[in-house]
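Student: Input structure: my_file_36.cif, which contains mmCIF, C-alpha atoms.
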```
data_work
#
loop_
_atom_site.label_atom_id
_atom_site.label_comp_id
_atom_site.auth_asym_id
_atom_site.auth_seq_id
_atom_site.Cartn_x
_atom_site.Cartn_y
_atom_site.Cartn_z
CA MET A 1 265.60 238.76 173.10
CA THR A 2 268.07 241.52 172.50
CA GLN A 3 267.40 245.08 171.46
CA ASP A 4 268.31 245.94 167.87
CA SER A 5 267.02 249.09 166.17
CA ASN A 6 267.58 247.50 162.77
CA LYS A 7 264.99 244.81 163.25
CA ILE A 8 261.48 244.42 164.57
CA GLY A 9 261.18 243.16 168.12
CA CYS A 10 259.17 240.07 169.01
CA LEU A 11 255.84 240.16 170.82
CA TYR A 12 255.55 237.43 173.42
CA GLY A 13 252.10 236.56 174.74
CA VAL A 14 252.91 235.05 178.11
CA GLY A 15 250.44 233.13 180.25
CA VAL A 16 251.45 233.46 183.91
CA GLY A 17 248.91 231.03 185.36
CA PRO A 18 246.05 231.61 187.79
CA GLY A 19 247.99 233.11 190.69
CA ASP A 20 250.60 230.75 192.10
CA PRO A 21 254.08 231.83 190.86
CA GLU A 22 255.17 228.19 191.07
CA LEU A 23 252.75 227.41 188.25
CA LEU A 24 254.79 229.56 185.85
CA THR A 25 256.32 227.49 183.09
CA LEU A 26 260.07 227.63 182.59
CA LYS A 27 259.51 229.07 179.13
CA ALA A 28 257.30 231.85 180.52
CA LEU A 29 259.86 232.72 183.18
CA LYS A 30 262.64 232.89 180.59
CA ALA A 31 260.58 235.20 178.35
CA ILE A 32 259.63 237.49 181.23
CA GLN A 33 263.18 237.89 182.47
CA ALA A 34 264.67 238.45 179.02
CA ALA A 35 262.25 241.01 177.57
CA PRO A 36 263.28 244.67 177.99
CA VAL A 37 259.61 245.69 177.97
CA ILE A 38 256.73 244.13 179.88
CA CYS A 39 253.13 245.07 179.05
CA VAL A 40 250.36 244.28 181.53
CA PRO A 41 246.57 244.65 181.52
CA GLN A 42 245.22 246.45 184.55
CA ALA A 43 241.57 246.89 185.44
CA ALA A 44 240.81 250.57 185.97
CA ASN A 45 239.23 249.81 189.35
CA ARG A 46 242.30 247.95 190.67
CA ARG A 47 245.50 249.37 192.13
CA GLU A 48 247.77 246.80 190.53
CA SER A 49 247.85 244.45 187.58
CA TYR A 50 246.95 240.96 188.75
CA ALA A 51 249.18 239.37 186.12
CA LEU A 52 252.13 241.52 187.18
CA SER A 53 251.58 240.72 190.86
CA ILE A 54 252.05 237.02 190.07
CA VAL A 55 255.54 237.55 188.63
CA LYS A 56 256.68 240.63 190.55
CA ASP A 57 259.61 238.79 192.17
CA TYR A 58 261.05 238.02 188.73
CA VAL A 59 260.81 241.50 187.21
CA LYS A 60 264.03 243.51 187.04
CA PRO A 61 264.24 247.24 187.88
CA GLU A 62 265.57 248.08 184.42
CA GLN A 63 262.60 246.54 182.62
CA GLU A 64 260.03 249.02 181.31
CA ILE A 65 256.46 248.36 182.45
CA LEU A 66 253.66 249.38 180.10
CA ARG A 67 250.20 249.41 181.71
CA ALA A 68 246.92 249.17 179.85
CA PRO A 69 244.25 250.30 182.38
CA PHE A 70 241.11 248.94 180.75
CA PRO A 71 237.59 249.78 182.00
CA THR A 72 235.60 246.79 183.24
CA ASP A 73 232.14 248.05 182.29
CA ASP A 74 232.65 250.05 179.09
CA ALA A 75 233.10 247.99 175.95
CA GLU A 76 233.69 251.04 173.75
CA GLY A 77 236.20 252.49 176.21
CA ALA A 78 237.98 249.15 176.47
CA ALA A 79 238.34 248.96 172.69
CA GLN A 80 240.08 252.35 172.72
CA VAL A 81 242.42 251.23 175.50
CA TRP A 82 243.41 248.11 173.60
CA ARG A 83 244.04 250.20 170.51
CA GLU A 84 246.31 252.49 172.52
CA ALA A 85 248.04 249.48 174.10
CA SER A 86 248.64 247.99 170.66
CA GLU A 87 250.17 251.28 169.53
CA MET A 88 252.47 251.41 172.58
CA VAL A 89 253.60 247.84 172.00
CA THR A 90 254.11 248.44 168.28
CA GLU A 91 256.25 251.50 169.02
CA ARG A 92 258.61 249.37 171.14
CA LEU A 93 258.66 246.57 168.59
CA ARG A 94 259.65 249.00 165.82
CA LYS A 95 262.56 250.13 168.02
CA GLY A 96 263.79 246.54 168.03
CA GLN A 97 262.64 245.83 171.59
CA ASP A 98 261.00 242.55 172.51
CA VAL A 99 257.76 242.95 174.48
CA ALA A 100 256.32 240.38 176.88
CA PHE A 101 252.57 240.85 177.29
CA LEU A 102 251.51 239.17 180.53
CA THR A 103 248.10 237.70 181.11
CA GLU A 104 246.77 235.61 183.96
CA GLY A 105 245.87 232.09 182.98
CA ASP A 106 246.43 231.30 179.32
CA PRO A 107 246.86 233.94 176.58
CA MET A 108 244.38 232.27 174.24
CA LEU A 109 241.47 231.59 176.63
CA PHE A 110 239.21 234.56 177.49
CA SER A 111 242.34 236.69 177.54
CA THR A 112 242.98 240.39 177.05
CA PHE A 113 246.03 239.42 175.00
CA SER A 114 243.80 238.58 172.03
CA TYR A 115 242.91 242.28 171.62
CA VAL A 116 246.52 243.44 171.64
CA LEU A 117 247.52 240.56 169.38
CA ALA A 118 244.96 241.65 166.78
CA GLY A 119 246.03 245.28 167.09
CA VAL A 120 249.72 244.54 166.66
CA GLN A 121 249.06 242.24 163.71
CA GLU A 122 247.18 245.11 162.05
CA LEU A 123 249.70 247.84 162.90
CA CYS A 124 252.89 245.83 162.44
CA PRO A 125 252.14 242.65 160.48
CA GLU A 126 255.84 241.93 160.05
CA ALA A 127 256.43 241.62 163.81
CA PRO A 128 257.31 238.09 164.94
CA ILE A 129 254.96 236.70 167.59
CA GLN A 130 255.43 233.89 170.08
CA ILE A 131 252.63 232.71 172.36
CA ILE A 132 253.57 230.90 175.54
CA PRO A 133 250.66 228.95 177.05
CA GLY A 134 249.91 229.11 180.74
CA VAL A 135 247.96 227.11 183.30
CA SER A 136 244.37 228.31 183.01
CA SER A 137 242.15 228.86 186.03
CA VAL A 138 239.86 226.18 184.62
CA MET A 139 242.53 223.49 184.89
CA ALA A 140 243.80 224.79 188.21
CA ALA A 141 240.27 224.83 189.68
CA ALA A 142 239.66 221.27 188.54
CA ALA A 143 242.89 220.21 190.24
CA SER A 144 242.12 222.04 193.50
CA SER A 145 238.56 220.71 193.68
CA GLY A 146 239.47 217.19 192.55
CA ILE A 147 236.80 217.30 189.85
CA SER A 148 237.48 215.66 186.50
CA LEU A 149 236.40 217.99 183.74
CA ALA A 150 235.99 215.30 181.11
CA THR A 151 236.88 211.67 180.54
CA HIS A 152 236.96 209.70 177.31
CA GLY A 153 233.97 210.50 175.12
CA GLN A 154 232.62 213.26 177.37
CA ARG A 155 232.03 216.87 176.37
CA LEU A 156 233.25 220.04 178.07
CA ALA A 157 232.00 223.62 177.61
CA ILE A 158 233.77 226.73 178.94
CA LEU A 159 231.50 229.77 178.94
CA PRO A 160 231.27 233.28 180.36
CA ALA A 161 228.79 233.37 183.23
CA ALA A 162 226.42 235.92 181.68
CA TYR A 163 223.98 233.35 180.32
CA GLY A 164 220.27 233.15 180.95
CA LEU A 165 218.27 230.17 182.16
CA ASP A 166 217.48 228.86 178.67
CA ASP A 167 221.12 229.04 177.56
CA LEU A 168 222.31 227.36 180.76
CA SER A 169 219.70 224.65 180.41
CA GLU A 170 220.79 223.96 176.85
CA ALA A 171 224.49 223.89 177.76
CA THR A 172 224.08 221.53 180.72
CA SER A 173 221.84 219.24 178.66
CA LYS A 174 224.45 218.92 175.92
CA PHE A 175 227.73 218.87 177.87
CA ASP A 176 228.93 216.59 180.66
CA THR A 177 230.70 219.52 182.35
CA VAL A 178 230.10 223.25 181.99
CA VAL A 179 232.59 225.74 183.44
CA LEU A 180 231.20 229.25 183.99
CA MET A 181 233.99 231.83 184.14
CA LYS A 182 234.12 234.98 186.32
CA VAL A 183 230.72 234.42 187.83
CA SER A 184 230.80 236.99 190.64
CA PRO A 185 228.71 239.76 189.00
CA ASP A 186 225.94 237.29 188.11
CA ILE A 187 226.31 234.75 190.92
CA VAL A 188 222.88 235.26 192.51
CA LYS A 189 221.00 234.84 189.23
CA THR A 190 223.24 231.99 188.11
CA LEU A 191 222.71 230.05 191.35
CA ALA A 192 218.96 230.62 191.09
CA ASP A 193 219.01 229.26 187.54
CA LEU A 194 221.06 226.24 188.61
CA GLU A 195 218.62 225.56 191.44
CA GLU A 196 215.69 225.72 189.03
CA LEU A 197 217.50 223.21 186.82
CA GLY A 198 218.19 220.94 189.79
CA LEU A 199 221.97 221.29 189.42
CA THR A 200 223.10 222.91 192.66
CA ARG A 201 224.31 219.60 194.11
CA GLN A 202 226.35 219.07 190.97
CA THR A 203 228.02 222.48 191.14
CA THR A 204 231.30 223.58 192.73
CA TYR A 205 232.45 227.16 193.29
CA VAL A 206 236.17 227.99 193.19
CA ARG A 207 237.52 231.41 194.16
CA ARG A 208 241.02 232.81 193.57
CA VAL A 209 242.53 229.46 192.70
CA GLY A 210 246.29 229.31 193.14
CA THR A 211 246.45 232.12 195.70
CA ASP A 212 246.39 232.35 199.49
CA ARG A 213 242.71 233.41 199.16
CA GLU A 214 241.72 230.25 197.32
CA LYS A 215 238.47 228.67 198.44
CA VAL A 216 236.61 225.66 197.11
CA ILE A 217 232.91 225.44 198.00
CA LYS A 218 231.12 222.25 197.04
CA ASP A 219 227.83 223.26 198.68
CA VAL A 220 227.05 226.33 196.60
CA THR A 221 223.95 227.08 198.68
CA SER A 222 226.35 228.11 201.46
CA ILE A 223 228.12 230.82 199.43
CA LYS A 224 228.28 234.12 201.34
CA ASP A 225 228.97 237.66 200.17
CA GLU A 226 232.55 237.47 201.47
CA ASP A 227 233.15 234.43 199.25
CA LEU A 228 232.48 236.38 196.07
CA ASP A 229 235.38 237.48 193.90
CA TYR A 230 235.93 238.60 190.32
CA PHE A 231 238.42 235.76 189.84
CA SER A 232 236.00 232.92 190.43
CA LEU A 233 234.24 230.20 188.50
CA LEU A 234 231.63 227.47 188.75
CA ILE A 235 232.13 223.86 187.67
CA VAL A 236 228.77 222.35 186.80
CA LYS A 237 228.34 218.65 186.08
CA GLY A 238 225.62 218.60 183.46
CA ASN A 239 222.99 216.06 182.43
CA PRO A 240 223.63 215.43 178.73
CA THR A 241 220.56 214.04 177.01
CA GLY A 242 222.48 211.01 175.86
CA ASN A 243 223.44 210.11 179.42
CA LYS A 244 220.01 210.27 181.00
CA GLU A 245 218.59 207.06 182.31
#
```
How does the structure come out when it is put into structure tokens?
Tutor:
Amino acid sequence: MTQDSNKIGCLYGVGVGPGDPELLTLKALKAIQAAPVICVPQAANRRESYALSIVKDYVKPEQEILRAPFPTDDAEGAAQVWREASEMVTERLRKGQDVAFLTEGDPMLFSTFSYVLAGVQELCPEAPIQIIPGVSSVMAAAASSGISLATHGQRLAILPAAYGLDDLSEATSKFDTVVLMKVSPDIVKTLADLEELGLTRQTTYVRRVGTDREKVIKDVTSIKDEDLDYFSLLIVKGNPTGNKE
């Protein structure tokens, strides 16, 4: 991962896991420490990049940090930010600098990296790309809660939480386990829908897995306002039609 103005740098999509630095893979750590440029997504309403906070102890002072402060509630604005981030990354790549784009969890699962990846592939199709998988919050939450996501022959669905009652009913009737990601904004409606479907006793809430604020709640009717967090999910054990008695 050296700098060479005569060649195009490599874009590394690096999954840094859900929050625990010890869940970094050796390959991810090597890529982070070797890249002269680190690019991080940062929500406009947050003071620091969550992905960067996970690996801050491994970042060197001489490494350049590129921040992409994306809006959380403006799809059009976010698209412009990702375009600008792709242009910043491409500029470094064309200078022969390798760039490590950090993302919490895994780069290819509900990740901001996908937007920058598409942008760089359009702007600099000759740039080499390496994607380093990370431990997703889904897998980490299953481990912390002790809930098996799927066994042989079972079906698993991973969905964003913004689904209505009919969609949730269909998903839980077709899949043995449904994971609803980042549920905080819709938690009240989602819990009401789960209660109507008779699934609250089969649902587990996990907040900030892999951090010192981690909390696993298996009685979701006891969730309080202080338990809510953007980095949260629900694991719902469904009732697939084929498994009903």
Student: Just checking: using all atoms listed in the file, which residue out of A:Ser144, A:Val55, A:Gly15, A:Glu195 ends up closest to Arg207 of chain A?
Tutor: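 Among A:Ser144, A:Val55, A:Gly15, A:Glu195, it is A:Ser144 that comes nearest to Arg207 of chain A.
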Student: Could you tell me how far atom CA of Cys39 of chain A sits from atom CA of Glu64 of chain A, in Å to one decimal place?
Tutor: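 If I compute the distance from atom CA of Glu64 of chain A to atom CA of Cys39 of chain A, I get 8.3 Å.
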Student: Have a look at atom CA of Lys224 of chain A and atom CA of Arg46 of chain A and let me know their distance in Å, one decimal.
Tutor: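 Separating atom CA of Lys224 of chain A from atom CA of Arg46 of chain A is a distance of 22.4 Å.
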Student: Expand the PyMOL selection byres ((chain A and resi 175) around 7) into the individual residues it matches in the shown file, reporting them as JSON, numbers by chain.
Tutor: {"A": [155, 156, 157, 171, 172, 173, 174, 176, 177, 178, 238, 240]}
Student: How about saving the chosen residues, C-alpha atoms kept, as an mmCIF file, in the coordinates of the input?
Tutor:
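Result file follows (part17.cif):
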```
data_model
loop_
_atom_site.group_PDB
_atom_site.id
_atom_site.type_symbol
_atom_site.label_atom_id
_atom_site.label_comp_id
_atom_site.auth_asym_id
_atom_site.auth_seq_id
_atom_site.Cartn_x
_atom_site.Cartn_y
_atom_site.Cartn_z
ATOM 1 C CA ARG A 155 232.030 216.870 176.370
ATOM 2 C CA LEU A 156 233.250 220.040 178.070
ATOM 3 C CA ALA A 157 232.000 223.620 177.610
ATOM 4 C CA ALA A 171 224.490 223.890 177.760
ATOM 5 C CA THR A 172 224.080 221.530 180.720
ATOM 6 C CA SER A 173 221.840 219.240 178.660
ATOM 7 C CA LYS A 174 224.450 218.920 175.920
ATOM 8 C CA ASP A 176 228.930 216.590 180.660
ATOM 9 C CA THR A 177 230.700 219.520 182.350
ATOM 10 C CA VAL A 178 230.100 223.250 181.990
ATOM 11 C CA GLY A 238 225.620 218.600 183.460
ATOM 12 C CA PRO A 240 223.630 215.430 178.730
#
```
Student: Can you pull out every residue within 12 Å of Ala28 of chain A, counting only C-alpha atoms, but drop anything in the same chain fewer than 2 positions away, and send it as a VMD selection string?
Tutor: chain A and resid 12 to 17 21 to 26 30 to 35 55 58 100 to 107 130 to 135
Student: Take the residues that were just selected and, keeping C-alpha atoms, output them as a tab-separated table (two decimals), in the frame of the given file.
Tutor:
```tsv
chain	number	residue	atom	x	y	z
A	12	TYR	CA	255.55	237.43	173.42
A	13	GLY	CA	252.10	236.56	174.74
A	14	VAL	CA	252.91	235.05	178.11
A	15	GLY	CA	250.44	233.13	180.25
A	16	VAL	CA	251.45	233.46	183.91
A	17	GLY	CA	248.91	231.03	185.36
A	21	PRO	CA	254.08	231.83	190.86
A	22	GLU	CA	255.17	228.19	191.07
A	23	LEU	CA	252.75	227.41	188.25
A	24	LEU	CA	254.79	229.56	185.85
A	25	THR	CA	256.32	227.49	183.09
A	26	LEU	CA	260.07	227.63	182.59
A	30	LYS	CA	262.64	232.89	180.59
A	31	ALA	CA	260.58	235.20	178.35
A	32	ILE	CA	259.63	237.49	181.23
A	33	GLN	CA	263.18	237.89	182.47
A	34	ALA	CA	264.67	238.45	179.02
A	35	ALA	CA	262.25	241.01	177.57
A	55	VAL	CA	255.54	237.55	188.63
A	58	TYR	CA	261.05	238.02	188.73
A	100	ALA	CA	256.32	240.38	176.88
A	101	PHE	CA	252.57	240.85	177.29
A	102	LEU	CA	251.51	239.17	180.53
A	103	THR	CA	248.10	237.70	181.11
A	104	GLU	CA	246.77	235.61	183.96
A	105	GLY	CA	245.87	232.09	182.98
A	106	ASP	CA	246.43	231.30	179.32
A	107	PRO	CA	246.86	233.94	176.58
A	130	GLN	CA	255.43	233.89	170.08
A	131	ILE	CA	252.63	232.71	172.36
A	132	ILE	CA	253.57	230.90	175.54
A	133	PRO	CA	250.66	228.95	177.05
A	134	GLY	CA	249.91	229.11	180.74
A	135	VAL	CA	247.96	227.11	183.30
```
Student: Using all atoms listed in the file, find all polymer residues with an atom at most 12 Å away from the point (238.8, 231.0, 176.2); report them as a list in words.
Tutor: Gly105, Asp106, Pro107, Met108, Leu109, Phe110, Ser111, Thr112, Phe113, Ser114, Ser136, Ser137, Val138, Ala157, Ile158, Leu159, Pro160, Val179, Leu180, Met181 and Lys182 of chain A
Student: A:Leu149, A:Gln63, A:Gly19, A:Tyr163: which is nearest Arg208 of chain A, counting all atoms listed in the file?
Tutor: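 Smallest distance to Arg208 of chain A is found for A:Gly19.
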Student: Would you work out the distance separating atom CA of Val37 of chain A from atom CA of Glu122 of chain A, expressed in Å to one decimal?
Tutor: 20.2 Å
Student: Please list as a list in words every residue within 10 Å of Glu62 of chain A, counting only C-alpha atoms and excluding residues in the same chain fewer than 3 positions away.
Tutor: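 After dropping sequence-adjacent residues, the list is Pro36, Val37, Val59 and Ile65 of chain A.
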Student: Given the selection you just returned, output its residues as a file containing C-alpha atoms, formatted as a PDB file, keeping the file's coordinate frame.
Tutor:
```pdb
ATOM      1  CA  PRO A  36     263.280 244.670 177.990  1.00  0.00           C
ATOM      2  CA  VAL A  37     259.610 245.690 177.970  1.00  0.00           C
ATOM      3  CA  VAL A  59     260.810 241.500 187.210  1.00  0.00           C
ATOM      4  CA  ILE A  65     256.460 248.360 182.450  1.00  0.00           C
TER       5      ILE A  65
END
```
